[in-house]
>>> print(open('input24.csv').read())   # CSV, C-alpha atoms (C1' of nucleotides)
chain,number,residue,atom,x,y,z
A,4,MET,CA,64.5,-34.5,-101.0
A,5,GLU,CA,67.0,-32.7,-98.9
A,6,VAL,CA,66.2,-32.2,-95.2
A,7,VAL,CA,64.6,-28.9,-94.2
A,8,ASP,CA,65.6,-27.3,-90.9
A,9,THR,CA,62.4,-26.5,-89.0
A,10,THR,CA,64.0,-26.1,-85.6
A,11,PHE,CA,62.6,-22.6,-85.0
A,12,LEU,CA,59.0,-23.3,-86.1
A,13,ASP,CA,59.0,-26.6,-84.1
A,14,GLY,CA,59.4,-24.5,-80.9
A,15,LEU,CA,56.3,-22.4,-81.6
A,16,LEU,CA,53.0,-23.2,-80.0
A,17,GLY,CA,50.9,-21.5,-82.7
A,18,TYR,CA,52.6,-23.4,-85.5
A,19,ASN,CA,52.2,-26.8,-83.7
A,20,ALA,CA,48.7,-26.2,-82.6
A,21,ARG,CA,47.6,-25.2,-86.1
A,22,ARG,CA,49.3,-28.3,-87.7
A,23,ALA,CA,47.7,-30.6,-85.1
A,24,ALA,CA,44.3,-29.0,-85.6
A,25,LEU,CA,44.5,-29.4,-89.4
A,26,ALA,CA,45.6,-33.0,-89.1
A,27,VAL,CA,42.6,-33.8,-86.9
A,28,ILE,CA,40.2,-31.8,-89.1
A,29,GLU,CA,41.4,-33.6,-92.2
A,30,VAL,CA,40.4,-37.0,-90.7
A,31,PHE,CA,37.2,-35.4,-89.4
A,32,LEU,CA,36.1,-34.2,-92.8
A,33,ALA,CA,36.6,-37.7,-94.3
A,34,ARG,CA,34.8,-39.6,-91.5
A,35,MET,CA,31.9,-37.1,-91.2
A,36,ALA,CA,31.3,-37.0,-94.9
A,37,VAL,CA,28.6,-39.8,-94.5
A,38,TYR,CA,26.6,-37.4,-92.3
A,39,ALA,CA,27.3,-34.4,-94.6
A,40,LEU,CA,28.6,-32.5,-91.5
A,41,ARG,CA,31.6,-30.2,-91.6
A,42,PRO,CA,33.3,-29.4,-88.3
A,43,VAL,CA,31.3,-26.2,-87.9
A,44,ASP,CA,28.0,-28.0,-88.7
A,45,PHE,CA,28.9,-30.7,-86.1
A,46,SER,CA,29.8,-28.1,-83.5
A,47,VAL,CA,26.6,-26.1,-84.0
A,48,LEU,CA,24.4,-29.2,-84.1
A,49,SER,CA,26.1,-30.7,-81.0
A,50,LEU,CA,25.4,-27.5,-79.0
A,51,VAL,CA,21.8,-27.4,-80.2
A,52,VAL,CA,21.2,-31.0,-79.2
A,53,HIS,CA,22.8,-30.5,-75.8
A,54,ASN,CA,21.2,-27.1,-75.3
A,55,ALA,CA,17.7,-27.2,-76.7
A,56,GLY,CA,16.5,-23.6,-77.2
A,57,ILE,CA,19.9,-22.1,-77.5
A,58,THR,CA,20.0,-18.8,-79.4
A,59,SER,CA,22.1,-17.8,-82.3
A,60,ARG,CA,23.9,-15.2,-80.2
A,61,GLN,CA,24.9,-18.0,-77.7
A,62,LEU,CA,26.1,-20.2,-80.5
A,63,CYS,CA,28.2,-17.3,-81.9
A,64,THR,CA,29.7,-16.4,-78.6
A,65,THR,CA,30.5,-20.0,-77.7
A,66,LEU,CA,32.0,-21.1,-81.0
A,67,GLY,CA,33.6,-17.8,-82.0
A,68,ILE,CA,31.4,-17.4,-85.1
A,69,LEU,CA,30.3,-13.9,-86.3
A,70,PRO,CA,26.5,-13.5,-86.4
A,71,PRO,CA,26.3,-12.8,-90.2
A,72,ASN,CA,28.2,-16.0,-90.9
A,73,LEU,CA,25.9,-18.2,-88.7
A,74,VAL,CA,22.8,-17.2,-90.6
A,75,PRO,CA,23.3,-19.4,-93.7
A,76,LEU,CA,24.7,-22.1,-91.5
A,77,VAL,CA,21.6,-22.4,-89.4
A,78,GLY,CA,19.4,-21.9,-92.4
A,79,ALA,CA,20.9,-24.9,-94.1
A,80,LEU,CA,20.5,-27.1,-91.0
A,81,GLU,CA,16.8,-26.0,-90.8
A,82,ARG,CA,16.2,-26.8,-94.5
A,83,ARG,CA,17.7,-30.3,-93.8
A,84,GLY,CA,15.1,-30.8,-91.1
A,85,LEU,CA,17.6,-30.9,-88.3
A,86,ILE,CA,16.8,-27.6,-86.5
A,87,GLU,CA,13.5,-26.0,-85.6
A,88,ARG,CA,13.1,-22.3,-84.7
A,89,LYS,CA,10.7,-21.5,-81.9
A,90,PRO,CA,10.0,-18.1,-80.3
A,91,HIS,CA,12.2,-17.4,-77.2
A,92,PRO,CA,10.0,-17.6,-74.1
A,93,ARG,CA,11.4,-14.5,-72.4
A,94,ASP,CA,13.0,-12.4,-75.3
A,95,GLY,CA,11.0,-11.4,-78.3
A,96,ARG,CA,14.1,-10.5,-80.3
A,97,ALA,CA,15.6,-13.9,-80.0
A,98,THR,CA,14.8,-17.2,-81.5
A,99,GLY,CA,15.3,-20.5,-79.7
A,100,LEU,CA,16.9,-23.3,-81.8
A,101,HIS,CA,15.7,-26.8,-81.1
A,102,PRO,CA,17.0,-30.1,-82.4
A,103,THR,CA,14.5,-32.3,-84.3
A,104,GLU,CA,14.2,-36.0,-83.7
A,105,ALA,CA,16.2,-36.5,-86.9
A,106,ALA,CA,19.0,-34.3,-85.5
A,107,GLN,CA,19.1,-36.2,-82.2
A,108,SER,CA,19.3,-39.5,-84.0
A,109,LEU,CA,22.0,-38.2,-86.4
A,110,MET,CA,24.1,-36.7,-83.7
A,111,ARG,CA,24.0,-39.9,-81.6
A,112,LYS,CA,25.8,-41.6,-84.5
A,113,ALA,CA,28.0,-38.6,-85.4
A,114,GLU,CA,29.2,-38.1,-81.9
A,115,ARG,CA,30.1,-41.8,-81.6
A,116,THR,CA,32.0,-41.5,-84.9
A,117,ALA,CA,33.7,-38.3,-83.6
A,118,ALA,CA,34.9,-40.2,-80.5
A,119,GLU,CA,36.2,-43.0,-82.6
A,120,LEU,CA,38.2,-40.8,-85.0
A,121,GLU,CA,39.6,-38.9,-82.1
A,122,ALA,CA,40.9,-42.2,-80.6
A,123,GLU,CA,42.2,-43.1,-84.1
A,124,VAL,CA,44.1,-39.7,-84.6
A,125,GLY,CA,45.4,-39.7,-81.1
A,126,GLY,CA,46.3,-43.4,-81.4
A,127,ARG,CA,49.9,-42.7,-80.6
A,128,LEU,CA,49.0,-40.9,-77.4
A,129,THR,CA,48.1,-42.8,-74.2
A,130,ALA,CA,44.8,-42.0,-72.5
A,131,SER,CA,46.7,-40.1,-69.9
A,132,GLU,CA,48.6,-38.1,-72.5
A,133,MET,CA,45.3,-37.2,-74.3
A,134,ARG,CA,43.8,-35.9,-71.0
A,135,THR,CA,46.9,-33.8,-70.4
A,136,LEU,CA,46.9,-32.5,-74.0
A,137,LEU,CA,43.3,-31.4,-73.7
A,138,ARG,CA,43.8,-29.8,-70.4
A,139,LEU,CA,46.8,-27.8,-71.6
A,140,LEU,CA,45.1,-26.7,-74.8
A,141,ARG,CA,42.1,-25.3,-72.8
A,142,LYS,CA,44.6,-23.5,-70.5
A,143,VAL,CA,45.9,-21.7,-73.6
A,144,TYR,CA,42.7,-20.4,-75.1
A,145,GLN,CA,40.5,-20.0,-72.0
A,146,ARG,CA,41.2,-16.4,-70.9
A,147,PRO,CA,40.6,-16.1,-67.2
B,24,MET,CA,23.7,-15.0,-70.4
B,25,GLU,CA,22.7,-18.5,-69.6
B,26,VAL,CA,25.4,-21.1,-69.3
B,27,VAL,CA,25.9,-23.3,-72.4
B,28,ASP,CA,26.8,-27.0,-72.0
B,29,THR,CA,29.9,-27.6,-74.0
B,30,THR,CA,30.8,-30.9,-72.4
B,31,PHE,CA,31.0,-32.9,-75.6
B,32,LEU,CA,33.0,-30.5,-77.6
B,33,ASP,CA,35.4,-29.9,-74.7
B,34,GLY,CA,36.4,-33.6,-75.0
B,35,LEU,CA,37.4,-33.3,-78.7
B,36,LEU,CA,41.0,-32.8,-79.7
B,37,GLY,CA,40.2,-31.1,-83.0
B,38,TYR,CA,38.0,-28.5,-81.3
B,39,ASN,CA,40.5,-27.7,-78.6
B,40,ALA,CA,43.5,-27.6,-80.9
B,41,ARG,CA,41.7,-25.3,-83.3
B,42,ARG,CA,40.6,-22.9,-80.5
B,43,ALA,CA,44.1,-22.8,-79.0
B,44,ALA,CA,45.7,-22.2,-82.5
B,45,LEU,CA,43.3,-19.3,-83.1
B,46,ALA,CA,44.0,-17.8,-79.7
B,47,VAL,CA,47.7,-17.8,-80.4
B,48,ILE,CA,47.4,-16.6,-84.0
B,49,GLU,CA,45.2,-13.7,-82.8
B,50,VAL,CA,48.1,-12.5,-80.6
B,51,PHE,CA,50.6,-13.2,-83.3
B,52,LEU,CA,48.8,-11.0,-85.8
B,53,ALA,CA,48.8,-8.1,-83.4
B,54,ARG,CA,52.4,-8.4,-82.3
B,55,MET,CA,53.8,-9.1,-85.8
B,56,ALA,CA,51.9,-6.2,-87.4
B,57,VAL,CA,54.9,-3.9,-87.0
B,58,TYR,CA,56.9,-6.2,-89.3
B,59,ALA,CA,54.0,-6.6,-91.7
B,60,LEU,CA,54.2,-10.4,-91.3
B,61,ARG,CA,51.3,-12.7,-91.2
B,62,PRO,CA,51.8,-16.2,-89.7
B,63,VAL,CA,52.3,-17.6,-93.2
B,64,ASP,CA,54.9,-14.9,-94.2
B,65,PHE,CA,56.7,-15.5,-90.9
B,66,SER,CA,56.8,-19.3,-91.5
B,67,VAL,CA,58.1,-19.0,-95.1
B,68,LEU,CA,60.7,-16.3,-94.2
B,69,SER,CA,61.9,-18.3,-91.2
B,70,LEU,CA,62.4,-21.4,-93.3
B,71,VAL,CA,64.2,-19.3,-96.0
B,72,VAL,CA,66.5,-17.7,-93.5
B,73,HIS,CA,67.4,-21.1,-91.8
B,74,ASN,CA,67.5,-22.9,-95.2
B,75,ALA,CA,69.2,-20.6,-97.7
B,76,GLY,CA,68.5,-21.9,-101.2
B,77,ILE,CA,65.3,-23.8,-100.3
B,78,THR,CA,62.9,-24.4,-103.2
B,79,SER,CA,59.3,-23.5,-103.5
B,80,ARG,CA,58.4,-27.2,-103.5
B,81,GLN,CA,60.2,-27.8,-100.2
B,82,LEU,CA,58.4,-24.8,-98.7
B,83,CYS,CA,55.0,-26.2,-99.9
B,84,THR,CA,55.7,-29.7,-98.6
B,85,THR,CA,57.0,-28.5,-95.2
B,86,LEU,CA,54.3,-26.0,-94.5
B,87,GLY,CA,51.4,-27.7,-96.2
B,88,ILE,CA,50.8,-24.9,-98.7
B,89,LEU,CA,49.6,-25.7,-102.2
B,90,PRO,CA,52.1,-24.6,-104.9
B,91,PRO,CA,49.7,-22.1,-106.7
B,92,ASN,CA,49.1,-20.4,-103.3
B,93,LEU,CA,52.8,-20.0,-102.6
B,94,VAL,CA,53.5,-18.0,-105.8
B,95,PRO,CA,52.0,-14.6,-104.9
B,96,LEU,CA,53.3,-15.1,-101.3
B,97,VAL,CA,57.0,-15.5,-102.4
B,98,GLY,CA,56.4,-12.8,-105.1
B,99,ALA,CA,55.4,-10.3,-102.4
B,100,LEU,CA,58.4,-11.1,-100.2
B,101,GLU,CA,60.7,-10.7,-103.2
B,102,ARG,CA,59.2,-7.3,-104.0
B,103,ARG,CA,59.8,-6.3,-100.4
B,104,GLY,CA,63.5,-7.1,-100.9
B,105,LEU,CA,63.4,-10.0,-98.4
B,106,ILE,CA,63.9,-12.9,-100.8
B,107,GLU,CA,66.2,-13.3,-103.8
B,108,ARG,CA,65.8,-16.0,-106.4
B,109,LYS,CA,68.9,-17.8,-107.7
B,110,PRO,CA,69.1,-20.7,-110.2
B,111,HIS,CA,69.2,-24.0,-108.4
B,112,PRO,CA,72.7,-25.5,-108.7
B,113,ARG,CA,71.6,-29.0,-109.7
B,114,ASP,CA,68.1,-28.7,-111.0
B,115,GLY,CA,67.3,-26.4,-113.9
B,116,ARG,CA,63.6,-26.5,-113.2
B,117,ALA,CA,63.9,-25.3,-109.6
B,118,THR,CA,64.7,-21.9,-108.1
B,119,GLY,CA,66.6,-21.5,-104.9
B,120,LEU,CA,65.2,-18.9,-102.5
B,121,HIS,CA,67.7,-16.9,-100.5
B,122,PRO,CA,67.2,-14.4,-97.7
B,123,THR,CA,68.6,-10.9,-98.2
B,124,GLU,CA,70.5,-9.1,-95.5
B,125,ALA,CA,67.3,-7.2,-94.8
B,126,ALA,CA,65.4,-10.4,-94.3
B,127,GLN,CA,68.0,-11.8,-91.9
B,128,SER,CA,67.9,-8.5,-89.9
B,129,LEU,CA,64.1,-8.5,-89.9
B,130,MET,CA,63.8,-12.1,-88.8
B,131,ARG,CA,66.3,-11.8,-86.0
B,132,LYS,CA,63.8,-9.2,-84.5
B,133,ALA,CA,60.7,-11.1,-85.6
B,134,GLU,CA,61.8,-14.4,-84.2
B,135,ARG,CA,62.6,-12.7,-80.9
B,136,THR,CA,59.1,-11.2,-80.8
B,137,ALA,CA,57.6,-14.5,-81.6
B,138,ALA,CA,59.4,-16.1,-78.7
B,139,GLU,CA,58.2,-13.3,-76.4
B,140,LEU,CA,54.5,-13.6,-77.5
B,141,GLU,CA,54.6,-17.3,-77.1
B,142,ALA,CA,55.7,-16.9,-73.5
B,143,GLU,CA,53.0,-14.3,-73.1
B,144,VAL,CA,50.2,-16.5,-74.5
B,145,GLY,CA,51.5,-19.5,-72.7
B,146,GLY,CA,51.9,-17.5,-69.5
B,147,ARG,CA,49.6,-19.7,-67.5
B,148,LEU,CA,51.6,-22.8,-68.5
B,149,THR,CA,54.8,-23.7,-66.7
B,150,ALA,CA,57.9,-24.2,-68.9
B,151,SER,CA,57.5,-27.9,-68.3
B,152,GLU,CA,53.9,-27.9,-69.3
B,153,MET,CA,54.8,-26.0,-72.5
B,154,ARG,CA,57.4,-28.6,-73.4
B,155,THR,CA,54.9,-31.3,-72.8
B,156,LEU,CA,52.2,-29.5,-74.9
B,157,LEU,CA,54.6,-29.1,-77.9
B,158,ARG,CA,55.7,-32.7,-77.7
B,159,LEU,CA,52.1,-34.0,-77.6
B,160,LEU,CA,51.0,-31.7,-80.5
B,161,ARG,CA,53.8,-33.0,-82.7
B,162,LYS,CA,52.9,-36.5,-81.8
B,163,VAL,CA,49.4,-35.8,-83.2
B,164,TYR,CA,50.3,-34.4,-86.6
B,165,GLN,CA,53.6,-36.2,-87.3
B,166,ARG,CA,52.5,-39.3,-89.2
B,167,PRO,CA,55.2,-42.0,-88.7
C,10,DT,C1',20.2,3.5,-76.2
C,11,DA,C1',21.6,-1.4,-76.6
C,12,DT,C1',20.9,-6.1,-78.4
C,13,DT,C1',19.1,-10.0,-81.7
C,14,DG,C1',18.9,-11.4,-86.1
C,15,DT,C1',19.5,-10.3,-90.7
C,16,DT,C1',21.2,-8.7,-95.6
C,17,DA,C1',24.7,-7.3,-98.6
C,18,DT,C1',29.2,-7.3,-99.5
C,19,DA,C1',34.3,-7.5,-99.5
C,20,DC,C1',38.4,-9.8,-98.3
C,21,DT,C1',41.3,-13.7,-97.3
C,22,DC,C1',42.3,-18.5,-97.6
C,23,DT,C1',42.3,-22.8,-99.9
C,24,DA,C1',41.6,-25.8,-103.9
C,25,DT,C1',41.6,-27.5,-109.0
C,26,DA,C1',42.8,-27.5,-113.8
C,27,DA,C1',45.9,-26.6,-117.2
C,28,DC,C1',50.1,-24.8,-119.1
C,29,DT,C1',55.8,-24.3,-119.7
C,30,DA,C1',60.1,-25.7,-119.1
C,31,DT,C1',63.3,-29.0,-117.5
C,32,DA,C1',64.4,-33.8,-115.7
D,7,DT,C1',56.7,-39.7,-118.3
D,8,DA,C1',57.3,-37.0,-114.1
D,9,DT,C1',58.4,-32.8,-111.6
D,10,DA,C1',59.0,-27.4,-110.5
D,11,DG,C1',57.0,-23.4,-111.1
D,12,DT,C1',53.3,-20.7,-112.8
D,13,DT,C1',48.5,-18.8,-114.3
D,14,DA,C1',43.7,-18.4,-114.0
D,15,DT,C1',39.8,-19.3,-111.4
D,16,DA,C1',36.5,-21.2,-108.3
D,17,DG,C1',35.1,-22.1,-103.7
D,18,DA,C1',35.1,-21.8,-98.6
D,19,DG,C1',35.9,-19.1,-94.7
D,20,DT,C1',36.0,-14.7,-92.3
D,21,DA,C1',35.2,-9.7,-91.9
D,22,DT,C1',32.6,-5.0,-91.7
D,23,DA,C1',28.6,-1.8,-92.3
D,24,DA,C1',23.9,-1.1,-92.0
D,25,DC,C1',19.1,-2.2,-91.2
D,26,DA,C1',14.4,-3.8,-88.7
D,27,DA,C1',12.4,-5.5,-84.6
D,28,DT,C1',12.5,-5.7,-79.7
D,29,DA,C1',14.6,-4.8,-75.0
>>> encode(input="input24.csv", output="structure tokens")
Amino acid sequence: MEVVDTTFLDGLLGYNARRAALAVIEVFLARMAVYALRPVDFSVLSLVVHNAGITSRQLCTTLGILPPNLVPLVGALERRGLIERKPHPRDGRATGLHPTEAAQSLMRKAERTAAELEAEVGGRLTASEMRTLLRLLRKVYQRP
Amino acid sequence: MEVVDTTFLDGLLGYNARRAALAVIEVFLARMAVYALRPVDFSVLSLVVHNAGITSRQLCTTLGILPPNLVPLVGALERRGLIERKPHPRDGRATGLHPTEAAQSLMRKAERTAAELEAEVGGRLTASEMRTLLRLLRKVYQRP
DNA sequence: TATTGTTATACTCTATAACTATA
DNA sequence: TATAGTTATAGAGTATAACAATA
């Protein structure tokens, strides 16, 4: 096939960040299939495990998910026996989300797999380059 | 609101790349609204302008779009008088996509705006950091 | 009056199967 | 037989409006 000139797009941060994200997510989907966890499930469950009692509102704010879209997501994780809802100790409107033992066991394995696949995808980057990349990406999306 | 521990997610390339891409795309959508160009329209039109006669197949391969999803996209740009279809000189199955004068005029402005908003979004990065970031992102998604 | 969680719903994006015309 | 382009359609992801319960 003839060569396509992508010079202009190659200089755009949005274009490259999206392509890189999709490349990583593609590998993520394949490697996490054994746990039946999509990226969004993994993110939610990781936050619940590391922040027992976190509320739906906190999950939405942290992950950029709209509240109506989180409802079926948490519902599915609850039906899988990975999340338990308990009344919030200080706010009667809110519900605290807690990881079950099964969730903690699952996420120990899933987080190890995530670390492995990251190393695999970033295999052509040195450890120093990876640290730099993560730092610069955060600088882009973390509004001061 | 109480602080949420995001330590684990913060170390993941996929998570950070996606957040950064979404942050840039958000600004892109706002600034490109005057041209009525979404990111995908911009990408397609940019490639057509810089590769007159490019085929749908080449666009799909380059941008990671599935052929059935490109059809209405190119159709809309054609109806807006930005793309013209001409028979491919050497392959009767294919169609060459060509930019109209209107498209070239529009993209001169749109590409200038894109460069501006990139500088705006990456405002907290030095020019050197931006070059490094783009290089490392390409290294992630360009399979050798 | 504002916020948490929820329902219903619409819209966009992405994916799959199958067809035609040409190579 | 394989490829370029297309149609129809299904599924996933994302968005807004409106409501009940509580602050």
>>> closest_atom_pairs(input="input24.csv", of="chain B", to="chain D", cutoff="10 Å", atoms="all atoms listed in the file", output="JSON lines")
{"residue": "B:Thr78", "atom": "CA", "partner": "D:DA10", "partner_atom": "C1'", "distance": 8.8}
{"residue": "B:Ser79", "atom": "CA", "partner": "D:DG11", "partner_atom": "C1'", "distance": 7.9}
{"residue": "B:Arg80", "atom": "CA", "partner": "D:DA10", "partner_atom": "C1'", "distance": 7.0}
{"residue": "B:Pro90", "atom": "CA", "partner": "D:DG11", "partner_atom": "C1'", "distance": 8.0}
{"residue": "B:Pro91", "atom": "CA", "partner": "D:DT12", "partner_atom": "C1'", "distance": 7.2}
{"residue": "B:Val94", "atom": "CA", "partner": "D:DT12", "partner_atom": "C1'", "distance": 7.5}
{"residue": "B:Asp114", "atom": "CA", "partner": "D:DA10", "partner_atom": "C1'", "distance": 9.2}
{"residue": "B:Gly115", "atom": "CA", "partner": "D:DA10", "partner_atom": "C1'", "distance": 9.0}
{"residue": "B:Arg116", "atom": "CA", "partner": "D:DA10", "partner_atom": "C1'", "distance": 5.4}
{"residue": "B:Ala117", "atom": "CA", "partner": "D:DA10", "partner_atom": "C1'", "distance": 5.4}
{"residue": "B:Thr118", "atom": "CA", "partner": "D:DA10", "partner_atom": "C1'", "distance": 8.3}
>>> interface_residues(input="input24.csv", of="chain C", to="chain B", cutoff="8 Å", atoms="all atoms listed in the file", output="list in words")
DT23, DA30, DT31 and DA32 of chain C
>>> write_last_selection(input="input24.csv", atoms="C-alpha atoms (C1' of nucleotides)", output="CSV table (one decimal), in the frame of the given file")
chain,number,residue,atom,x,y,z
C,23,DT,C1',42.3,-22.8,-99.9
C,30,DA,C1',60.1,-25.7,-119.1
C,31,DT,C1',63.3,-29.0,-117.5
C,32,DA,C1',64.4,-33.8,-115.7
>>> closest_atom_pairs(input="input24.csv", of="chain B", to="chain A", cutoff="6 Å", atoms="only C-alpha atoms", output="JSON lines")
{"residue": "B:Gly37", "atom": "CA", "partner": "A:Ala24", "partner_atom": "CA", "distance": 5.3}
{"residue": "B:Ala40", "atom": "CA", "partner": "A:Ala24", "partner_atom": "CA", "distance": 5.0}
{"residue": "B:Arg41", "atom": "CA", "partner": "A:Ala24", "partner_atom": "CA", "distance": 5.1}
{"residue": "B:Ala43", "atom": "CA", "partner": "A:Tyr144", "partner_atom": "CA", "distance": 4.8}
{"residue": "B:Ala44", "atom": "CA", "partner": "A:Ala20", "partner_atom": "CA", "distance": 5.0}
{"residue": "B:Ala46", "atom": "CA", "partner": "A:Tyr144", "partner_atom": "CA", "distance": 5.4}
{"residue": "B:Val47", "atom": "CA", "partner": "A:Gly17", "partner_atom": "CA", "distance": 5.4}
{"residue": "B:Leu160", "atom": "CA", "partner": "A:Ala23", "partner_atom": "CA", "distance": 5.8}
{"residue": "B:Val163", "atom": "CA", "partner": "A:Ala23", "partner_atom": "CA", "distance": 5.8}
{"residue": "B:Tyr164", "atom": "CA", "partner": "A:Ala23", "partner_atom": "CA", "distance": 4.8}
>>> closest_residue(input="input24.csv", among="A:Lys112, A:Leu73, A:Ala55, A:Val37", to="A:Lys89", atoms="all atoms listed in the file")
A:Ala55
>>> atom_distance(input="input24.csv", atom1="atom CA of A:Arg41", atom2="atom CA of A:Ala106")
14.6 Å
>>> closest_residue(input="input24.csv", among="B:Leu105, B:Val67, B:Gly76, B:Thr84", to="B:Leu129", atoms="only C-alpha atoms")
B:Leu105
